[in-house]
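Report on the following structure.
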Amino acid sequence: MSIIVQNVTKQYDNQLALNDVSLTIGKGEIVGLLGPNGAGKSTLMKIITCFIPPTSGNVSVEGYNILEESMEVRRRVGYLPEHNPLYLDMYVKEYLEFIAGIHHIRGQEASRRIDEMIEMTGLGIEMHKKIGALSKGYRQRVGLAQAMIHNPSVLILDEPTSGLDPNQLIDIRGLIRDLGNEKTVLLSTHIMQEVEALCDKVIIINKGVVVANDNIENLTQSQSDNVLIVEFDGEVSIEMLRNIVGLKQAKSISNNHWILESKSDLDIRQDLMRWSLNNNVIIKSMQREETSIEECFQRLTKV
């Protein structure tokens with residue numbers, strides 16, 4: 001595994017930011033980290049990247065422990081924080097030279113890596129400008145370039161497409177997708193279309209607890225297992241439907257179409273068929289509700 005998080009808890013005074021979080025991320029995976037504001041996403045990313053220590057628990061990156069071997073972890077991780085910290089008075093190329101030096105990349109190797117990053121992130125037309133003169137979108141590109149300049153095997157990206165226009169979004173998403181072919185990428189975002197377009201797996205955190213950890217197909221399927229869309233051959237009433245064993249609620253969406261939600265994870269299809277026979281009601285069609293990742297997020301993180 002590329003990243004292993006074991007029973008991590010983080011306490012800030014009286015606030016519990018992370019509560020016994022455990023997860024694993026495999027090599028070459030692009031994983032979306034989702035959650036409401038204040039759920040603990042940035043705290044988890046800061047712990048993985050050695051910016052802050054956990055109150056308890058263990059984290060390893062590429063086999064190196066964040067507490068005992070933090071410098072080895074830092075060599076293997078590229079990090080773009082949510083609030084992209086840049087030296088605004090430095091020129092783009094000058095700043096990347098500075099970051100390369102921090103990673104002990106110098107001479108021809110530094111020049112080669114800087115040129116690669118400028119081309120990869122589309123900074124060519126802005127490379128001779130001061131960072132303070134750049135738009136937010138181009139500053140974000142500079143942040144991505146600095147995160148990748150030392151060729152890390154793991155990328156931690158906190159809101160990487162924040163502030164980008166639609167064209168820039170497409171470019172940066174394409175870049176992240178390409179990077180995922182050879183690197184492990186953990187990214188947080190509030191853009192659900194981005195998750196569906198980029199991610200192999202989704203981890204959802206709510207109030208410091210992992211409430212989902214699966215690929216998108218399994219996650220959306222699990223959230224729709226107890227919801228059926230049913231068409232009856234004739235009118236039925238809510239009073240009639242309440243006699244179905246295991247039914248939690250029913251909602252009419254047209255004359256003969258209903259959304260039926262079962263209790264917990266119960267499968268009410270057999271009970272529905274028995275009910276239809278006992279009440280002489282014909283079921284014309286019955287199908288699972290298709291649940292989007294956005295609906296899954298709302299269901300798992302609602303108060």
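Residue numbering restarts at 1 for every chain of the structure tokens, chains are lettered A, B, ... in their displayed order, and ligands are numbered from 1 as they appear.
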Distance query Leu186 of chain A at most 7 Å, only C-alpha atoms, self and fewer than 2 positions along chain excluded, as a PyMOL selection string = chain A and resi 30-33+155-157+184+188
Keeping N, CA, C and O atoms for every residue in the selection just given, could you write it to a file as a tab-separated table (two decimals), in the first residue's frame?
chain	number	residue	atom	x	y	z
A	30	ILE	N	-6.15	7.02	-7.78
A	30	ILE	CA	-6.60	8.41	-7.59
A	30	ILE	C	-7.80	8.34	-6.67
A	30	ILE	O	-8.85	7.79	-7.04
A	31	VAL	N	-7.66	8.89	-5.48
A	31	VAL	CA	-8.69	8.77	-4.46
A	31	VAL	C	-9.24	10.15	-4.11
A	31	VAL	O	-8.48	11.08	-3.83
A	32	GLY	N	-10.56	10.27	-4.13
A	32	GLY	CA	-11.22	11.52	-3.76
A	32	GLY	C	-11.56	11.51	-2.28
A	32	GLY	O	-12.16	10.56	-1.78
A	33	LEU	N	-11.14	12.56	-1.57
A	33	LEU	CA	-11.45	12.71	-0.16
A	33	LEU	C	-12.55	13.77	-0.03
A	33	LEU	O	-12.33	14.95	-0.30
A	155	LEU	N	1.02	12.24	-4.39
A	155	LEU	CA	0.56	13.63	-4.45
A	155	LEU	C	-0.65	13.81	-3.54
A	155	LEU	O	-1.61	13.05	-3.63
A	156	ILE	N	-0.58	14.81	-2.67
A	156	ILE	CA	-1.68	15.17	-1.79
A	156	ILE	C	-2.16	16.54	-2.23
A	156	ILE	O	-1.44	17.54	-2.08
A	157	LEU	N	-3.36	16.62	-2.76
A	157	LEU	CA	-3.86	17.85	-3.36
A	157	LEU	C	-5.16	18.28	-2.66
A	157	LEU	O	-6.18	17.60	-2.76
A	184	THR	N	0.44	7.87	-6.91
A	184	THR	CA	-0.74	7.80	-6.05
A	184	THR	C	-1.20	9.23	-5.80
A	184	THR	O	-0.40	10.10	-5.44
A	188	SER	N	-8.74	16.32	-2.31
A	188	SER	CA	-10.02	16.71	-1.72
A	188	SER	C	-10.69	17.70	-2.66
A	188	SER	O	-10.02	18.49	-3.34
Identify, on the basis of only C-alpha atoms, every residue whose closest approach to Ile238 of chain A does not exceed 10 Å; exclude the query and any residue fewer than 2 positions from it along the same chain; express the result as number ranges by chain.
-> A: 236, 240-243, 249-252, 258
Residues of segment 39-102 of chain A in helix (DSSP H, G or I), written as a PyMOL selection string = chain A and resi 41-48+70-76+92-102
Kindly export the residues of the current selection with N, CA and C atoms, as a compact mmCIF listing (two decimals), in the first residue's frame.
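The resulting again.txt:
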# COMPACT_ATOMS: atom_id res chain seq x y z
N LYS A 41 -10.93 16.80 6.65
CA LYS A 41 -10.17 16.45 5.44
C LYS A 41 -8.77 17.07 5.45
N SER A 42 -8.71 18.37 5.65
CA SER A 42 -7.41 19.06 5.62
C SER A 42 -6.52 18.60 6.77
N THR A 43 -7.13 18.33 7.92
CA THR A 43 -6.36 17.82 9.06
C THR A 43 -5.71 16.49 8.71
N LEU A 44 -6.46 15.60 8.07
CA LEU A 44 -5.90 14.30 7.68
C LEU A 44 -4.77 14.49 6.68
N MET A 45 -4.94 15.37 5.70
CA MET A 45 -3.89 15.61 4.71
C MET A 45 -2.63 16.19 5.36
N LYS A 46 -2.81 17.08 6.32
CA LYS A 46 -1.65 17.67 7.01
C LYS A 46 -0.90 16.63 7.84
N ILE A 47 -1.62 15.67 8.39
CA ILE A 47 -0.98 14.59 9.14
C ILE A 47 -0.19 13.69 8.20
N ILE A 48 -0.79 13.32 7.08
CA ILE A 48 -0.11 12.44 6.12
C ILE A 48 1.16 13.08 5.58
N SER A 70 10.11 11.12 9.05
CA SER A 70 9.36 12.19 8.38
C SER A 70 10.09 12.74 7.15
N MET A 71 11.42 12.79 7.18
CA MET A 71 12.15 13.32 6.02
C MET A 71 12.02 12.39 4.83
N GLU A 72 12.00 11.08 5.08
CA GLU A 72 11.80 10.13 3.98
C GLU A 72 10.40 10.27 3.40
N VAL A 73 9.42 10.52 4.27
CA VAL A 73 8.05 10.74 3.80
C VAL A 73 7.99 11.99 2.94
N ARG A 74 8.60 13.09 3.40
CA ARG A 74 8.56 14.36 2.68
C ARG A 74 9.22 14.25 1.30
N ARG A 75 10.24 13.40 1.19
CA ARG A 75 10.89 13.23 -0.11
C ARG A 75 9.96 12.56 -1.12
N ARG A 76 9.02 11.81 -0.61
CA ARG A 76 8.16 11.02 -1.49
C ARG A 76 6.78 11.62 -1.70
N VAL A 92 7.82 33.51 -11.36
CA VAL A 92 7.42 32.10 -11.42
C VAL A 92 8.64 31.18 -11.52
N LYS A 93 9.49 31.45 -12.47
CA LYS A 93 10.66 30.57 -12.66
C LYS A 93 11.61 30.67 -11.48
N GLU A 94 11.76 31.87 -10.94
CA GLU A 94 12.62 32.06 -9.77
C GLU A 94 12.11 31.24 -8.58
N TYR A 95 10.79 31.24 -8.40
CA TYR A 95 10.19 30.50 -7.30
C TYR A 95 10.41 29.00 -7.47
N LEU A 96 10.24 28.49 -8.68
CA LEU A 96 10.44 27.06 -8.91
C LEU A 96 11.90 26.68 -8.73
N GLU A 97 12.82 27.57 -9.07
CA GLU A 97 14.25 27.33 -8.81
C GLU A 97 14.49 27.24 -7.30
N PHE A 98 13.82 28.11 -6.55
CA PHE A 98 13.94 28.10 -5.09
C PHE A 98 13.43 26.79 -4.51
N ILE A 99 12.26 26.34 -4.98
CA ILE A 99 11.69 25.09 -4.48
C ILE A 99 12.57 23.90 -4.87
N ALA A 100 13.11 23.92 -6.08
CA ALA A 100 14.01 22.85 -6.50
C ALA A 100 15.22 22.78 -5.57
N GLY A 101 15.75 23.94 -5.19
CA GLY A 101 16.89 23.98 -4.27
C GLY A 101 16.56 23.38 -2.92
N ILE A 102 15.34 23.62 -2.43
CA ILE A 102 14.92 23.04 -1.16
C ILE A 102 14.98 21.51 -1.23
Excluding Lys27 of chain A and residues on its chain fewer than 2 positions from it, collect all residues at most 8 Å away from it, counting only C-alpha atoms, and give them as number ranges by chain.
-> A: 1-2, 25, 29, 183-184
Could you pull the residues within 12 Å of Ala39 of chain A, counting only C-alpha atoms, minus those fewer than 5 positions along the same chain, as a list of chain:residue names?
->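 Listing them by chain and then by number gives A:Lys10, A:Gln15, A:Leu16, A:Ala17, A:Leu18, A:Asn19, A:Val21, A:Leu33, A:Leu34, A:Leu44, A:Ser188, A:Ile203, A:Ile204, A:Ile205, A:Asn206, A:Lys207, A:Gly208, A:Val209, A:Val210, A:Val211, A:Thr301, A:Lys302.
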Neighbours of Asn7 of chain A within 7 Å (only C-alpha atoms; same-chain residues fewer than 5 positions away dropped), as a PyMOL selection string?
-> chain A and resi 20-22+57-58
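In terms of minimum interatomic distance to Ile191 of chain A, A:Pro36 ranks closest within A:Asn215, A:Glu69, A:Pro36, A:Gly174, counting only C-alpha atoms.
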Between A:Leu169, A:Tyr87, A:Pro152, A:Ser111, which is the closest to Gly132 of chain A once you count only C-alpha atoms?
->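 Going through A:Leu169, A:Tyr87, A:Pro152, A:Ser111 one by one, the smallest distance to Gly132 of chain A is for A:Tyr87.
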Contact residues around segment 120-123 of chain A with only C-alpha atoms at 8 Å, ignoring same-chain residues under 3 positions, as a list in words | Glu116, Met117, Glu126, Met127, Tyr138, Arg141, Val142, Leu144, Ala145, Ile172 and Leu175 of chain A
Could you tell me which of A:Asp171, A:Arg139, A:Ile66, A:Leu228 comes closest to His83 of chain A if we count only C-alpha atoms?
->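 Closest to His83 of chain A of all the choices is A:Arg139.
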Mind giving me the straight-line distance from atom CA of Pro160 of chain A to atom CA of Gln140 of chain A in Å, one decimal?
->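 Computing it gives 7.1 Å between the two atoms.
Going from atom CA of Met148 of chain A to atom CA of Ser135 of chain A covers 20.4 Å.
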Strand (DSSP E) per DSSP on the backbone: members of segment 101-280 of chain A, as an NGL selection string = :A and (154-158 or 184-188 or 201-206 or 209-214 or 227-232 or 247-252 or 257-262)
